[in-house]
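Text of the file protein_24.txt, holding compact mmCIF, C-alpha atoms:
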# COMPACT_ATOMS: atom_id res chain seq x y z
CA MET A 203 -46.79 108.28 7.24
CA SER A 204 -43.14 108.91 6.50
CA VAL A 205 -40.97 111.66 7.85
CA THR A 206 -40.76 113.31 4.46
CA GLU A 207 -44.55 113.55 4.11
CA THR A 208 -45.06 115.40 7.40
CA PRO A 209 -43.17 118.59 6.47
CA ILE A 210 -44.98 118.71 3.14
CA ALA A 211 -48.36 118.45 4.87
CA LEU A 212 -47.41 121.12 7.41
CA THR A 213 -46.11 123.33 4.63
CA SER A 214 -49.35 123.02 2.69
CA VAL A 215 -51.41 123.82 5.81
CA ALA A 216 -49.20 126.80 6.54
CA VAL A 217 -49.49 128.01 2.95
CA ASP A 218 -53.31 127.58 3.05
CA ALA A 219 -53.55 129.47 6.36
CA GLU A 220 -51.35 132.25 4.99
CA SER A 221 -53.39 132.54 1.80
CA ASP A 222 -56.63 132.53 3.84
CA ALA A 223 -55.25 135.26 6.08
CA LEU A 224 -54.29 137.33 3.03
CA SER A 225 -57.70 136.81 1.44
CA GLY A 226 -59.54 137.78 4.65
CA LYS A 227 -60.87 134.27 5.36
CA LEU A 228 -60.61 132.76 8.80
CA SER A 229 -58.95 129.37 9.00
CA TYR A 230 -61.16 127.02 10.94
CA PRO A 231 -59.02 125.61 13.76
CA THR A 232 -57.55 128.81 15.18
CA GLU A 233 -59.05 132.10 14.09
CA TRP A 234 -62.61 130.78 13.80
CA HIS A 235 -62.61 129.47 17.37
CA LEU A 236 -61.03 132.69 18.58
CA ALA A 237 -63.68 134.76 16.78
CA ARG A 238 -66.46 132.60 18.26
CA ARG A 239 -64.98 133.02 21.74
CA ILE A 240 -64.76 136.78 21.33
CA LEU A 241 -68.33 137.02 20.01
CA GLY A 242 -69.53 134.78 22.84
CA ALA A 243 -67.76 136.94 25.41
CA VAL A 244 -69.24 140.11 23.91
CA ARG A 245 -72.71 138.54 23.85
CA GLU A 246 -72.37 137.39 27.48
CA TRP A 247 -71.19 140.86 28.50
CA TRP A 248 -74.17 142.44 26.72
CA VAL A 249 -76.77 140.07 28.18
CA PHE A 250 -75.60 140.64 31.76
CA SER A 251 -74.60 144.30 31.44
CA ARG A 252 -76.27 147.40 32.77
CA HIS A 253 -75.73 149.02 29.39
CA ARG A 254 -78.33 146.71 27.87
CA VAL A 255 -80.82 147.72 30.57
CA VAL A 256 -80.11 151.42 29.97
CA VAL A 257 -80.44 151.10 26.18
CA ASN A 258 -83.73 149.20 26.52
CA GLU A 259 -85.14 151.75 28.97
CA ILE A 260 -84.18 154.67 26.71
CA ARG A 261 -85.93 152.93 23.82
CA LYS A 262 -89.00 152.27 25.97
CA ILE A 263 -89.22 155.81 27.32
CA LEU A 264 -89.65 157.13 23.80
CA LEU A 265 -92.45 154.61 23.18
CA ARG A 266 -94.05 155.53 26.53
CA ILE A 267 -94.02 159.25 25.74
CA SER A 268 -95.65 158.65 22.36
CA ALA A 269 -98.30 156.40 23.98
CA ILE A 270 -99.13 159.08 26.54
CA LEU A 271 -99.38 161.77 23.87
CA LYS A 272 -101.58 159.58 21.63
CA ASP A 273 -104.06 158.79 24.42
CA SER A 274 -106.13 161.95 24.82
CA LEU A 275 -107.40 161.00 28.30
CA LEU A 276 -104.07 159.84 29.71
CA LYS A 277 -102.73 163.38 29.42
CA TYR A 278 -104.88 164.18 32.46
CA GLY A 279 -103.82 161.15 34.50
CA PRO A 280 -104.86 157.52 34.77
CA ALA A 281 -108.55 156.69 34.51
CA VAL A 282 -110.39 154.38 36.87
CA PRO A 283 -111.83 151.46 34.88
CA SER A 284 -115.54 150.89 34.59
CA ASP A 285 -117.69 147.80 35.08
CA PRO A 286 -115.44 144.74 34.65
CA ARG A 287 -118.32 142.68 33.28
CA GLN A 288 -118.82 145.14 30.41
CA HIS A 289 -122.55 144.38 30.45
CA GLY A 290 -123.82 146.96 32.90
CA GLN A 291 -124.79 144.21 35.33
CA MET A 292 -123.30 145.94 38.35
CA SER A 293 -125.39 148.25 40.44
CA PHE A 294 -124.22 151.80 41.04
CA ARG A 295 -123.10 150.83 44.53
CA GLN A 296 -121.07 147.84 43.27
CA ALA A 297 -119.50 149.93 40.50
CA SER A 298 -118.62 152.63 43.03
CA ILE A 299 -117.04 150.11 45.39
CA PHE A 300 -115.11 148.58 42.49
CA GLY A 301 -113.83 152.00 41.37
CA LEU A 302 -112.81 153.00 44.91
CA SER A 303 -111.03 149.72 45.58
CA CYS A 304 -109.23 149.91 42.23
CA SER A 305 -108.15 153.48 42.92
CA HIS A 306 -107.00 152.52 46.42
CA ASP A 307 -105.01 149.49 45.23
CA VAL A 308 -103.35 151.36 42.36
CA GLY A 309 -102.49 154.12 44.86
CA GLN A 310 -100.86 151.52 47.10
CA LEU A 311 -98.82 150.27 44.17
CA SER A 312 -97.69 153.78 43.26
CA ARG A 313 -96.62 154.42 46.86
CA LYS A 314 -94.73 151.13 46.91
CA TYR A 315 -93.10 151.90 43.56
CA PRO A 316 -92.56 155.69 43.43
CA TRP A 317 -91.17 155.48 39.89
CA MET A 318 -94.64 154.59 38.55
CA GLY A 319 -95.98 157.17 36.18
CA ASP A 320 -99.44 157.76 34.76
CA LEU A 321 -98.99 155.12 32.08
CA ASP A 322 -97.95 152.52 34.68
CA GLN A 323 -100.95 153.41 36.85
CA GLN A 324 -103.26 153.13 33.84
CA LEU A 325 -101.85 149.69 33.03
CA ALA A 326 -102.29 148.60 36.66
CA ALA A 327 -105.91 149.80 36.62
CA GLU A 328 -106.59 147.90 33.38
CA ALA A 329 -105.00 144.78 34.86
CA TYR A 330 -107.22 145.23 37.92
CA GLN A 331 -110.27 145.41 35.66
CA LEU A 332 -109.21 142.33 33.69
CA GLY A 333 -108.63 140.41 36.93
CA ALA A 334 -112.09 141.35 38.18
CA ALA A 335 -113.63 140.35 34.84
CA TRP A 336 -111.87 136.98 35.06
CA ALA A 337 -113.17 136.50 38.62
CA PHE A 338 -116.73 137.25 37.49
CA ARG A 339 -116.41 134.79 34.58
CA ILE A 340 -115.23 132.07 36.96
CA LEU A 341 -118.01 132.91 39.41
CA ASP A 342 -120.61 132.83 36.62
CA SER A 343 -119.35 129.50 35.30
CA CYS A 344 -119.42 128.02 38.81
CA ASN A 345 -122.97 129.27 39.31
CA LYS A 346 -124.07 127.74 35.98
CA THR A 347 -122.45 124.43 36.88
CA ASP A 348 -124.03 124.44 40.33
CA GLY A 349 -127.42 125.25 38.85
CA LYS A 350 -127.23 122.35 36.40
CA GLU A 351 -126.32 119.93 39.13
CA LEU A 352 -129.26 121.07 41.29
CA HIS A 353 -131.81 120.54 38.52
CA ARG A 354 -130.71 117.03 37.59
CA PRO A 355 -133.36 114.34 38.19

Show how you would write the structure in this file as structure tokens.
Amino acid sequence: MSVTETPIALTSVAVDAESDALSGKLSYPTEWHLARRILGAVREWWVFSRHRVVVNEIRKILLRISAILKDSLLKYGPAVPSDPRQHGQMSFRQASIFGLSCSHDVGQLSRKYPWMGDLDQQLAAEAYQLGAAWAFRILDSCNKTDGKELHRP
């Protein structure tokens, strides 16, 4: 490369960058990297900011209010779930004990987390019911397996 070619190359790059700037395009080496850095910094600020948490909670509170208003029973407070097996296989005493323990445990959660509302308590009660149903399924499958092993010749 000769000395005379270098200024021509720099001049053409400078002219291209100037024409790109006038046309609104970003030239790759400088402005593009700067724009990516700025967007990355803004994204990082948003991901770790409290503003994102506040915006998400405001959005969720509107969804929560509409869920409460749509559920006709939730207007009166959270309901205690019924038989977790959904087959009526529990006796009245077992169902009563299940309901009381669910109510007690959800009450403990709401005392531990005073910000829990009716919708949160309803979700906790449903999770309690699903956990009990899972435990019964595991227990039933263990009993079936044990029974098969006992009857083998």

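When all atoms listed in the file are used to measure the gap to Leu332 of chain A, the shortest distance among A:Asp285, A:Ser305, A:Phe294, A:Ile267 belongs to A:Asp285.
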
Near Ala329 of chain A, counting all atoms listed in the file, which residues have an atom at most 12 Å away, once you skip same-chain residues fewer than 4 positions from it, shown as a PDB file with C-alpha atoms, in the frame of the given file?
ATOM      1  CA  VAL A 282    -110.390 154.380  36.870  1.00  0.00           C
ATOM      2  CA  PRO A 283    -111.830 151.460  34.880  1.00  0.00           C
ATOM      3  CA  PRO A 286    -115.440 144.740  34.650  1.00  0.00           C
ATOM      4  CA  CYS A 304    -109.230 149.910  42.230  1.00  0.00           C
ATOM      5  CA  ASP A 307    -105.010 149.490  45.230  1.00  0.00           C
ATOM      6  CA  VAL A 308    -103.350 151.360  42.360  1.00  0.00           C
ATOM      7  CA  ASP A 322     -97.950 152.520  34.680  1.00  0.00           C
ATOM      8  CA  GLN A 323    -100.950 153.410  36.850  1.00  0.00           C
ATOM      9  CA  GLN A 324    -103.260 153.130  33.840  1.00  0.00           C
ATOM     10  CA  LEU A 325    -101.850 149.690  33.030  1.00  0.00           C
ATOM     11  CA  GLY A 333    -108.630 140.410  36.930  1.00  0.00           C
ATOM     12  CA  ALA A 334    -112.090 141.350  38.180  1.00  0.00           C
ATOM     13  CA  ALA A 335    -113.630 140.350  34.840  1.00  0.00           C
ATOM     14  CA  TRP A 336    -111.870 136.980  35.060  1.00  0.00           C
TER      15      TRP A 336
END

Among listed residues A:Phe300, A:Phe338, A:Trp248, A:Tyr278, nearest Gly319 of chain A (using all atoms listed in the file): A:Tyr278

Which one of A:Leu264, A:Ala269, A:Val249, A:Ala243 sits closest to Leu321 of chain A if you count all atoms listed in the file?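 Counting all atoms listed in the file, the residue closest to Leu321 of chain A is A:Ala269.
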
What is the distance, in Å and to one decimal place, between atom CA of Ser312 of chain A and atom CA of Arg261 of chain A?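 Atom CA of Arg261 of chain A lies at a distance of 22.7 Å from atom CA of Ser312 of chain A.
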
Let me make sure I understand: among A:Glu233, A:Leu276, A:Ile299, A:Ala327, which one has the smallest atom-to-atom distance to Leu311 of chain A if we use only C-alpha atoms?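 Smallest distance to Leu311 of chain A is found for A:Ala327.
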
Provide the atom CA of Ala281 of chain A to atom CA of Gln331 of chain A distance in Å, to one decimal place.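 Straight-line distance from atom CA of Ala281 of chain A to atom CA of Gln331 of chain A works out to 11.5 Å.
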
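Taking atom CA of Glu259 of chain A as the reference point, atom CA of Leu275 of chain A is found at 24.1 Å.
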
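Closest approach to Gly279 of chain A among A:Ser293, A:Arg266, A:Asp320, A:Ala237: A:Asp320, based on all atoms listed in the file.
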